[in-house]
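Down below is the structure, laid out as structure tokens.
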Amino acid sequence: MKKIIALVLSVVLICCCSVTAFAAESPTAGSKVTVTIRKADSVAPTEKVDIKYTVDKGAVISVKADEAKYGKFDSWSIYKATEVADGVSAPVKSGVITLNAARNLATKITTTTAVEGTDYEIVSGSLTAKELTVKVNTDVIICGNYKGVITNPLTNSTADNSAVAPQTGDMTVLYATIIMLAVVAFGFGVKKVYCK
């Protein structure tokens with residue numbers, strides 16, 4: 001029995017310690033850009049809404065309007081996103097300020113309307129079509145606009161401005177480990193009581 005319990009605990013510990021081993025590979029060669037989608041459904045399941053993700057420059061992104069969730073669709077807005085050190089007019093990535101200085105400054109994202117043909121290219125659809133496919137050339141935020149309201153590119157679609165903190169991540173592995181350890185401890189306690 002002790003060998004079985006030791007084996008189960010070993011497997012649990014291996015699974016817990018190897019979670020980071022299954023993480024996605026860091027971007028390597030090629031130029032990368034970040035894309036964020038607001039108030040839309042992503043056609044590709046890997047492209048999540050309201051999460052900034054990294055793709056190769058020139059990648060093709062497809063989005064579609066979600067009228068069931070947000071109401072009557074009006075148009076798409078595509079914004080160019082630039083990370084700027086707070087109080088400094090030049091982008092952090094420009095090299096105008098030193099890396100050490102940039103680390104000591106707070107950064108914020110500023111947006112400007114993206115330029116078609118430069119920042120992105122429409123592959124299919126249009127800015128007024130319910131489904132849009134674009135090729136991205138720079139960091140962009142793609143927003144769906146509904147019921148005559150222009151979506152704020154810097155606010156998550158699901159933001160409710162409540163005081164409740166959002167859930168930080170999936171804790172399933174941790175919960176399973178705690179439950180398994182509790183069961184093992186209970187088993188040892190029961191065994192000790194009945195062995196007397």
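Labels for the structure tokens follow display order: chains A, B, ..., residues from 1 in each chain, ligands from 1.
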Next item on the list: Quick one: everything within 7 Å of Ala114 of chain A, counting only C-alpha atoms, minus sequence neighbours fewer than 5 positions away in the same chain. Send it as a VMD selection string.
Entry: chain A and resid 78 to 80 119
Next item on the list: Determine, counting only C-alpha atoms, which protein, DNA and RNA residues have an atom within 10 Å of an atom of Thr128 of chain A; residues of the same chain fewer than 4 positions away are not included. Present the result as a count of residues only.
Entry: 8
Next item on the list: Work out how far apart atom CA of Lys48 of chain A and atom CA of Thr34 of chain A are and give it in Å to one decimal.
Entry: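 One can read the atom CA of Lys48 of chain A to atom CA of Thr34 of chain A distance as 12.2 Å.
Considering only C-alpha atoms, the residue among A:Lys32, A:Lys147, A:Arg38, A:Lys135 positioned nearest to Gly58 of chain A is A:Lys135.
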Note to self: When you look at Val134 of chain A with a cut-off of 10 Å (counting only C-alpha atoms), what residues show up, excluding the ones that are within fewer than 6 positions of it in the same chain? I need them as a ChimeraX atom specification.
What the structure shows: /A:58-63,78,116,120-126,142
Item checked: Test item: residues at most 12 Å from segment 149-159 of chain A, only C-alpha atoms, excluding those fewer than 6 positions along its chain, as a PyMOL selection string -> chain A and resi 35-41+48-52+66+69-82+108-114+140-143+165-166
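When only C-alpha atoms are used to compute distances to Tyr146 of chain A, the closest of the residues A:Val11, A:Ala185, A:Ala65, A:Ile178 turns out to be A:Ala65.
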Check: Of the candidates A:Ala176, A:Val184, A:Ile14, A:Val115, which shows the shortest atom-to-atom distance to Lys2 of chain A, using only C-alpha atoms?
Finding: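 Selected residue with least distance to Lys2 of chain A: A:Val184.
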Next item on the list: Have a look at atom CA of Val190 of chain A and atom CA of Leu174 of chain A and let me know their distance in Å, one decimal.
Entry: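 Between atom CA of Val190 of chain A and atom CA of Leu174 of chain A the gap works out to 24.3 Å.
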Item checked: Neighbour list for Thr177 of chain A as a ChimeraX atom specification, cut-off 12 Å, only C-alpha atoms, skip fewer than 3 positions in-chain -> /A:8-17,171-174,180-184
Keeping N, CA, C and O atoms for every residue in the selection just given, could you write it to a file as a PDB file, in the first residue's frame?
ATOM      1  N   VAL A   8       1.663   7.268  -6.451  1.00  0.00           N
ATOM      2  CA  VAL A   8       0.642   8.274  -6.765  1.00  0.00           C
ATOM      3  C   VAL A   8       1.161   9.675  -6.428  1.00  0.00           C
ATOM      4  O   VAL A   8       1.028  10.614  -7.219  1.00  0.00           O
ATOM      5  N   LEU A   9       1.781   9.820  -5.259  1.00  0.00           N
ATOM      6  CA  LEU A   9       2.319  11.128  -4.877  1.00  0.00           C
ATOM      7  C   LEU A   9       3.429  11.578  -5.824  1.00  0.00           C
ATOM      8  O   LEU A   9       3.528  12.753  -6.170  1.00  0.00           O
ATOM      9  N   SER A  10       4.253  10.646  -6.253  1.00  0.00           N
ATOM     10  CA  SER A  10       5.317  10.984  -7.202  1.00  0.00           C
ATOM     11  C   SER A  10       4.751  11.484  -8.512  1.00  0.00           C
ATOM     12  O   SER A  10       5.223  12.476  -9.073  1.00  0.00           O
ATOM     13  N   VAL A  11       3.717  10.811  -9.008  1.00  0.00           N
ATOM     14  CA  VAL A  11       3.085  11.230 -10.267  1.00  0.00           C
ATOM     15  C   VAL A  11       2.463  12.618 -10.119  1.00  0.00           C
ATOM     16  O   VAL A  11       2.601  13.474 -10.999  1.00  0.00           O
ATOM     17  N   VAL A  12       1.795  12.862  -8.985  1.00  0.00           N
ATOM     18  CA  VAL A  12       1.184  14.171  -8.743  1.00  0.00           C
ATOM     19  C   VAL A  12       2.254  15.261  -8.711  1.00  0.00           C
ATOM     20  O   VAL A  12       2.102  16.328  -9.328  1.00  0.00           O
ATOM     21  N   LEU A  13       3.350  15.004  -8.008  1.00  0.00           N
ATOM     22  CA  LEU A  13       4.420  16.004  -7.929  1.00  0.00           C
ATOM     23  C   LEU A  13       5.063  16.251  -9.280  1.00  0.00           C
ATOM     24  O   LEU A  13       5.385  17.389  -9.627  1.00  0.00           O
ATOM     25  N   ILE A  14       5.239  15.201 -10.063  1.00  0.00           N
ATOM     26  CA  ILE A  14       5.806  15.369 -11.401  1.00  0.00           C
ATOM     27  C   ILE A  14       4.894  16.236 -12.253  1.00  0.00           C
ATOM     28  O   ILE A  14       5.344  17.140 -12.955  1.00  0.00           O
ATOM     29  N   CYS A  15       3.580  15.983 -12.180  1.00  0.00           N
ATOM     30  CA  CYS A  15       2.621  16.785 -12.963  1.00  0.00           C
ATOM     31  C   CYS A  15       2.641  18.249 -12.522  1.00  0.00           C
ATOM     32  O   CYS A  15       2.618  19.153 -13.348  1.00  0.00           O
ATOM     33  N   CYS A  16       2.691  18.474 -11.200  1.00  0.00           N
ATOM     34  CA  CYS A  16       2.690  19.850 -10.694  1.00  0.00           C
ATOM     35  C   CYS A  16       3.954  20.603 -11.089  1.00  0.00           C
ATOM     36  O   CYS A  16       3.908  21.773 -11.435  1.00  0.00           O
ATOM     37  N   CYS A  17       5.084  19.919 -11.010  1.00  0.00           N
ATOM     38  CA  CYS A  17       6.354  20.584 -11.283  1.00  0.00           C
ATOM     39  C   CYS A  17       6.623  20.761 -12.767  1.00  0.00           C
ATOM     40  O   CYS A  17       7.484  21.540 -13.152  1.00  0.00           O
ATOM     41  N   MET A 171      -6.807  27.069 -11.529  1.00  0.00           N
ATOM     42  CA  MET A 171      -6.115  26.447 -10.402  1.00  0.00           C
ATOM     43  C   MET A 171      -6.488  24.973 -10.265  1.00  0.00           C
ATOM     44  O   MET A 171      -6.360  24.385  -9.201  1.00  0.00           O
ATOM     45  N   THR A 172      -6.940  24.335 -11.348  1.00  0.00           N
ATOM     46  CA  THR A 172      -7.421  22.961 -11.292  1.00  0.00           C
ATOM     47  C   THR A 172      -6.363  22.006 -10.772  1.00  0.00           C
ATOM     48  O   THR A 172      -6.646  21.146  -9.937  1.00  0.00           O
ATOM     49  N   VAL A 173      -5.126  22.137 -11.262  1.00  0.00           N
ATOM     50  CA  VAL A 173      -4.058  21.226 -10.834  1.00  0.00           C
ATOM     51  C   VAL A 173      -3.801  21.377  -9.341  1.00  0.00           C
ATOM     52  O   VAL A 173      -3.641  20.385  -8.623  1.00  0.00           O
ATOM     53  N   LEU A 174      -3.798  22.623  -8.847  1.00  0.00           N
ATOM     54  CA  LEU A 174      -3.571  22.848  -7.424  1.00  0.00           C
ATOM     55  C   LEU A 174      -4.694  22.242  -6.591  1.00  0.00           C
ATOM     56  O   LEU A 174      -4.435  21.583  -5.578  1.00  0.00           O
ATOM     57  N   MET A 180      -6.093  15.298  -3.417  1.00  0.00           N
ATOM     58  CA  MET A 180      -5.400  14.000  -3.354  1.00  0.00           C
ATOM     59  C   MET A 180      -4.592  13.876  -2.062  1.00  0.00           C
ATOM     60  O   MET A 180      -4.584  12.820  -1.427  1.00  0.00           O
ATOM     61  N   LEU A 181      -3.915  14.945  -1.666  1.00  0.00           N
ATOM     62  CA  LEU A 181      -3.139  14.899  -0.418  1.00  0.00           C
ATOM     63  C   LEU A 181      -4.054  14.733   0.785  1.00  0.00           C
ATOM     64  O   LEU A 181      -3.715  14.023   1.740  1.00  0.00           O
ATOM     65  N   ALA A 182      -5.223  15.376   0.757  1.00  0.00           N
ATOM     66  CA  ALA A 182      -6.186  15.225   1.854  1.00  0.00           C
ATOM     67  C   ALA A 182      -6.694  13.789   1.938  1.00  0.00           C
ATOM     68  O   ALA A 182      -6.830  13.223   3.032  1.00  0.00           O
ATOM     69  N   VAL A 183      -6.969  13.178   0.783  1.00  0.00           N
ATOM     70  CA  VAL A 183      -7.433  11.785   0.757  1.00  0.00           C
ATOM     71  C   VAL A 183      -6.352  10.862   1.298  1.00  0.00           C
ATOM     72  O   VAL A 183      -6.629   9.933   2.082  1.00  0.00           O
ATOM     73  N   VAL A 184      -5.102  11.088   0.911  1.00  0.00           N
ATOM     74  CA  VAL A 184      -3.992  10.254   1.393  1.00  0.00           C
ATOM     75  C   VAL A 184      -3.836  10.414   2.898  1.00  0.00           C
ATOM     76  O   VAL A 184      -3.666   9.424   3.629  1.00  0.00           O
TER      77      VAL A 184
END
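Atom CA of Ser31 of chain A lies 29.3 Å from atom CA of Ala129 of chain A.
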